[in-house]
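Structure first, commentary second.
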Amino acid sequence: MKRKICCFAFLCMALILGGCAQIPAYDDAYDPLEKVNRYSYKFNDTIDRAVLKPVAKGYKKTIPSVVRTSVRNFFSNLGEPLTIVNQLLQWKPADAMSDLMRFTFNSTFGLAGLFDIATGWDLPKHQEDFGQTMGVWGVGQGAYLMLPLLGPSNVRDFAGLPFDWLLNPTLYRSTPVRYSANAMKTVSVRADLLETTRVLDETSIDRYISIREAYRQLRWNRLHDGNPPEPDFFDELFDEP
């Protein structure tokens with residue numbers, strides 16, 4: 001029943017977004033919900049400083065680097081099926097085959113993904129999700145969103161979340177296993193971002209804006225597989241105000 005509801009919600013959102021293909025381009029900081037988003041950001045920041053950041057610091061301080069790397073590799077490997085499916089939906093058969101081989105080798109010779117041996121075998125990691133797939137199909141990113149607990153997003157990426165969740169292997173495990181795995185992944189990711197957030201705290205005048213622009217740039221870069229198009233100087237020069 002839950003799966004049917006998720007699929008229905010996803011289909012409805014995808015249809016709604018279908019008419020937004022041209023709005024907006026990357027250069028447009030489209031944030032009409034900024035006031036609400038800032039409240040969500042403050043909520044997330046409070047939770048982070050009170051809980052996530054201290055736990056992540058303790059994790060990084062007490063867990064050996066080699067173990068943290070294995071944890072990171074394990075969860076990265078769990079995300080490969082999501083990437084492969086979206087590569088097929090984006091008609092990238094060569095990348096899909098490469099990542100299928102990567103997933104197979106890391107899941108077997110890499111001991112369930114604890115060790116990333118595929119990268120050394122010239123099988124680089126890619127990262128795709130359904131938000132990116134809709135972008136490739138021509139769906140615009142829509143308004144920027146700051147989601148409570150989940151962090152930065154936009155309308156297009158938010159609409160893709162149900163599909164992404166359905167391809168998360170932990171969804172089909174028992175509740176304790178699912179919650180434990182998600183908690184472990186969250187701590188691992190937060191620990192990897194400790195240095196980034198430290199620099200952000202020291203250099204950013206407005207952390208909300210910095211996080212928004214970093215997220216938008218990251219998604220734009222991933223949408224174009226690391227090679228985003230350069231802006232056309234003459235188009236910008238003669239753009240109407």
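Here, A, B, ... name the chains of the structure tokens in the order displayed, residue numbers run from 1 inside each chain, and ligands are numbered from 1 in the same displayed order.
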Each segment 65-174 of chain A residue no farther than 9 Å from segment 201-220 of chain A, nearest pair in Å, only C-alpha atoms, as CSV:
residue,atom,partner,partner_atom,distance
A:Gln132,CA,A:Arg219,CA,7.8
A:Tyr144,CA,A:Arg212,CA,7.8
A:Leu145,CA,A:Arg212,CA,8.8
A:Met146,CA,A:Arg212,CA,8.5
A:Pro152,CA,A:Tyr215,CA,6.7
A:Ser153,CA,A:Tyr215,CA,7.6
A:Asn154,CA,A:Arg216,CA,8.8
Writer output for current selection, all heavy atoms, as a PDB file, in the first residue's frame:
ATOM      1  N   GLN A 132      17.732  14.296 -11.393  1.00  0.00           N
ATOM      2  CA  GLN A 132      18.575  14.536 -12.554  1.00  0.00           C
ATOM      3  C   GLN A 132      17.934  13.998 -13.827  1.00  0.00           C
ATOM      4  O   GLN A 132      18.027  14.622 -14.889  1.00  0.00           O
ATOM      5  CB  GLN A 132      19.949  13.891 -12.342  1.00  0.00           C
ATOM      6  CG  GLN A 132      20.782  14.559 -11.268  1.00  0.00           C
ATOM      7  CD  GLN A 132      21.981  13.724 -10.868  1.00  0.00           C
ATOM      8  OE1 GLN A 132      22.084  13.274  -9.743  1.00  0.00           O
ATOM      9  NE2 GLN A 132      22.892  13.508 -11.793  1.00  0.00           N
ATOM     10  N   TYR A 144      13.515  26.820  -5.291  1.00  0.00           N
ATOM     11  CA  TYR A 144      14.431  26.251  -4.310  1.00  0.00           C
ATOM     12  C   TYR A 144      13.657  25.931  -3.043  1.00  0.00           C
ATOM     13  O   TYR A 144      12.759  26.678  -2.628  1.00  0.00           O
ATOM     14  CB  TYR A 144      15.544  27.252  -4.008  1.00  0.00           C
ATOM     15  CG  TYR A 144      16.474  26.814  -2.904  1.00  0.00           C
ATOM     16  CD1 TYR A 144      17.443  25.838  -3.137  1.00  0.00           C
ATOM     17  CD2 TYR A 144      16.395  27.378  -1.631  1.00  0.00           C
ATOM     18  CE1 TYR A 144      18.309  25.432  -2.127  1.00  0.00           C
ATOM     19  CE2 TYR A 144      17.261  26.987  -0.618  1.00  0.00           C
ATOM     20  CZ  TYR A 144      18.206  26.014  -0.874  1.00  0.00           C
ATOM     21  OH  TYR A 144      19.050  25.616   0.135  1.00  0.00           O
ATOM     22  N   LEU A 145      13.999  24.801  -2.410  1.00  0.00           N
ATOM     23  CA  LEU A 145      13.343  24.380  -1.178  1.00  0.00           C
ATOM     24  C   LEU A 145      14.386  24.023  -0.128  1.00  0.00           C
ATOM     25  O   LEU A 145      15.415  23.417  -0.449  1.00  0.00           O
ATOM     26  CB  LEU A 145      12.454  23.148  -1.421  1.00  0.00           C
ATOM     27  CG  LEU A 145      11.330  23.266  -2.448  1.00  0.00           C
ATOM     28  CD1 LEU A 145      10.673  21.906  -2.648  1.00  0.00           C
ATOM     29  CD2 LEU A 145      10.294  24.292  -1.990  1.00  0.00           C
ATOM     30  N   MET A 146      14.128  24.387   1.102  1.00  0.00           N
ATOM     31  CA  MET A 146      14.906  23.908   2.238  1.00  0.00           C
ATOM     32  C   MET A 146      13.985  23.020   3.047  1.00  0.00           C
ATOM     33  O   MET A 146      13.066  23.504   3.728  1.00  0.00           O
ATOM     34  CB  MET A 146      15.431  25.061   3.090  1.00  0.00           C
ATOM     35  CG  MET A 146      16.199  24.620   4.331  1.00  0.00           C
ATOM     36  SD  MET A 146      17.684  23.642   4.007  1.00  0.00           S
ATOM     37  CE  MET A 146      18.802  24.903   3.382  1.00  0.00           C
ATOM     38  N   PRO A 152      18.715  21.041   1.695  1.00  0.00           N
ATOM     39  CA  PRO A 152      18.430  21.781   0.456  1.00  0.00           C
ATOM     40  C   PRO A 152      17.893  20.871  -0.654  1.00  0.00           C
ATOM     41  O   PRO A 152      18.300  19.723  -0.787  1.00  0.00           O
ATOM     42  CB  PRO A 152      19.788  22.381   0.075  1.00  0.00           C
ATOM     43  CG  PRO A 152      20.801  21.519   0.744  1.00  0.00           C
ATOM     44  CD  PRO A 152      20.159  21.054   2.014  1.00  0.00           C
ATOM     45  N   SER A 153      16.977  21.440  -1.447  1.00  0.00           N
ATOM     46  CA  SER A 153      16.384  20.708  -2.558  1.00  0.00           C
ATOM     47  C   SER A 153      15.752  21.726  -3.500  1.00  0.00           C
ATOM     48  O   SER A 153      15.981  22.933  -3.380  1.00  0.00           O
ATOM     49  CB  SER A 153      15.337  19.707  -2.041  1.00  0.00           C
ATOM     50  OG  SER A 153      14.834  18.906  -3.089  1.00  0.00           O
ATOM     51  N   ASN A 154      14.981  21.247  -4.439  1.00  0.00           N
ATOM     52  CA  ASN A 154      14.132  22.094  -5.264  1.00  0.00           C
ATOM     53  C   ASN A 154      12.899  21.278  -5.632  1.00  0.00           C
ATOM     54  O   ASN A 154      12.809  20.090  -5.284  1.00  0.00           O
ATOM     55  CB  ASN A 154      14.883  22.623  -6.508  1.00  0.00           C
ATOM     56  CG  ASN A 154      15.458  21.512  -7.360  1.00  0.00           C
ATOM     57  OD1 ASN A 154      14.760  20.564  -7.719  1.00  0.00           O
ATOM     58  ND2 ASN A 154      16.735  21.618  -7.700  1.00  0.00           N
TER      59      ASN A 154
END
Each residue of segment 126-212 of chain A with at least one atom at most 8 Å from segment 66-80 of chain A should appear once, together with its nearest atom pair and the corresponding distance in Å (one decimal); atoms considered: only C-alpha atoms; ordering: chain, then increasing residue number; output as a Markdown table.
| residue | atom | partner | partner_atom | distance |
| --- | --- | --- | --- | --- |
| A:Gln127 | CA | A:Glu80 | CA | 7.9 |
| A:Asn168 | CA | A:Gly79 | CA | 7.1 |
| A:Pro169 | CA | A:Leu78 | CA | 6.9 |
| A:Lys185 | CA | A:Phe75 | CA | 6.7 |
| A:Ser188 | CA | A:Arg72 | CA | 6.6 |
| A:Val189 | CA | A:Arg72 | CA | 7.8 |
**OP:** Using atom CA of Ala118 of chain A and atom CA of Thr62 of chain A as the two end points, give the distance in Å to one decimal.
**Re:** 28.1 Å
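The shortest atom-to-atom distance to Asp192 of chain A, with only C-alpha atoms taken into account, belongs to A:Lys53 out of A:Arg38, A:Lys53, A:Arg102, A:Arg178.
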Original post:
Which neighbours of Asp31 of chain A fall inside 6 Å, counting only C-alpha atoms, when residues of the same chain fewer than 2 positions from it are skipped, and could you give them as a list of chain:residue names?
Top reply: A:Leu33, A:Glu34, A:Ala143, A:Tyr144
**OP:** Using DSSP on the backbone coordinates, identify the residues of segment 89-151 of chain A assigned to alpha helix (DSSP H); present them as a PyMOL selection string.
**Re:** chain A and resi 89+93-108+130-136
Those selected residues, please, written with C-alpha atoms and delivered as a tab-separated table (two decimals), in the first residue's frame.
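Written out: again_16.tsv:
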chain	number	residue	atom	x	y	z
A	89	LEU	CA	16.22	6.23	-18.15
A	93	PRO	CA	23.78	2.57	-21.73
A	94	ALA	CA	27.59	2.72	-21.63
A	95	ASP	CA	27.58	4.36	-18.20
A	96	ALA	CA	24.92	1.95	-16.98
A	97	MET	CA	27.01	-1.05	-18.06
A	98	SER	CA	30.11	0.46	-16.43
A	99	ASP	CA	28.29	1.00	-13.14
A	100	LEU	CA	26.69	-2.45	-13.29
A	101	MET	CA	30.17	-3.94	-13.54
A	102	ARG	CA	31.32	-1.62	-10.76
A	103	PHE	CA	28.46	-2.73	-8.52
A	104	THR	CA	29.11	-6.40	-9.27
A	105	PHE	CA	32.84	-6.26	-8.60
A	106	ASN	CA	32.55	-4.18	-5.43
A	107	SER	CA	29.70	-6.34	-4.10
A	108	THR	CA	31.71	-9.53	-4.60
A	130	PHE	CA	15.46	10.78	-10.59
A	131	GLY	CA	15.71	14.54	-10.07
A	132	GLN	CA	18.57	14.54	-12.55
A	133	THR	CA	16.64	12.27	-14.89
A	134	MET	CA	13.72	14.69	-14.96
A	135	GLY	CA	16.21	17.47	-15.66
A	136	VAL	CA	17.53	15.53	-18.65
Subject >> strand (DSSP E) call set, DSSP backbone run, segment 12-215 of chain A, as a ChimeraX atom specification >> reply: /A:144-147,151-154
